[in-house]
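*Asks:* One structure, as structure tokens, below. Some questions next.
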Amino acid sequence: MIKSLVYILTLVAVIFLSACSSKPHVQPELTPNVRDRFTTEIKDNGLKLFTYQVWQINKSSPSSDESLQRPIIRSKEQLRELRKAQRAKEQRYEMWQQQIEIGLVHTLEKSHFCQTGYIEIDRFIGEIRAEIRGECKEGADEG
């Protein structure tokens with residue numbers, strides 16, 4: 001539990017400290033296994049687009065075999081432990097999702113990109129990587 005809390009707090013710090021960059025932003029002194037990237041594109045008609053990506057490295061993704069296997073429950077204690085593990089996994093995912101959103105907001109604020117907000121075009125948040133694409137509400141000639 002303490003290890004998870006330390007990991008989550010480290011992830012929060014990394015995302016808070018992320019900045020606008022066209023290449024991966026690395027904070028190795030905080031955590032060696034999280035990277036992010038913020039890329040922007042301004043179209044000829046003034047349309048402002050961005051992509052915010054976050055990923056964890058050196059973390060094995062769940063294998064397809066592992067996700068298909070169901071543990072054999074032989075006792076109420078095993079069932080309680082399984083439920084506890086599932087809740088912990090859900091909580092880690094929720095924290096990961098929140099931190100990605102916080103990281104995006106912080107990155108947009110630091111970069112002064114999308115000063116009047118944005119419209120989310122697409123979102124993918126997996127266990128070890130995430131991507132949010134958006135369009136600024138203001139055009140390049142307005143903001």
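In the structure tokens, chains take letters A, B, ... by order of appearance, with residues numbered from 1 within each chain and ligands from 1 in the order shown.
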Contacts of Tyr52 of chain A at 6 Å or less, counting only C-alpha atoms, minus same-chain residues fewer than 5 places along, as a list in words?
*Replies:*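 Everything that qualifies: Arg37, Phe38, Glu131 and Ile132 of chain A.
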*Asks:* So what do you get for atom CA of Glu138 of chain A versus atom CA of Cys114 of chain A, distance-wise?
*Replies:* 6.7 Å
*Asks:* Using the chain letters and numbers from this document, which residues of segment 82-141 of chain A does DSSP assign to alpha helix (DSSP H), as a PyMOL selection string?
*Replies:* chain A and resi 82-111
*Asks:* In terms of the shortest atom-to-atom distance over only C-alpha atoms, which of A:Val54, A:Gln91, A:Gln78, A:Cys136 is closest to Phe124 of chain A?
*Replies:*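 Residue with the minimum atom-to-atom distance to Phe124 of chain A: A:Val54.
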*Asks:* Any idea what the distance is between atom CA of Glu127 of chain A and atom CA of Gln56 of chain A?
*Replies:*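 Those two atoms sit 8.8 Å apart.
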*Asks:* Measure the distance from atom CA of Met95 of chain A to atom CA of Thr107 of chain A in Å and round it to one decimal.
*Replies:*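 A separation of 17.9 Å between them.
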*Asks:* Neighbouring residues of Thr51 of chain A were defined as those with any atom within 12 Å, considering only C-alpha atoms; residues of the same chain fewer than 5 positions away were excluded. Please report them as number ranges by chain.
*Replies:* A: 20-23, 36-42, 104, 107-108, 113, 118-124, 130-136
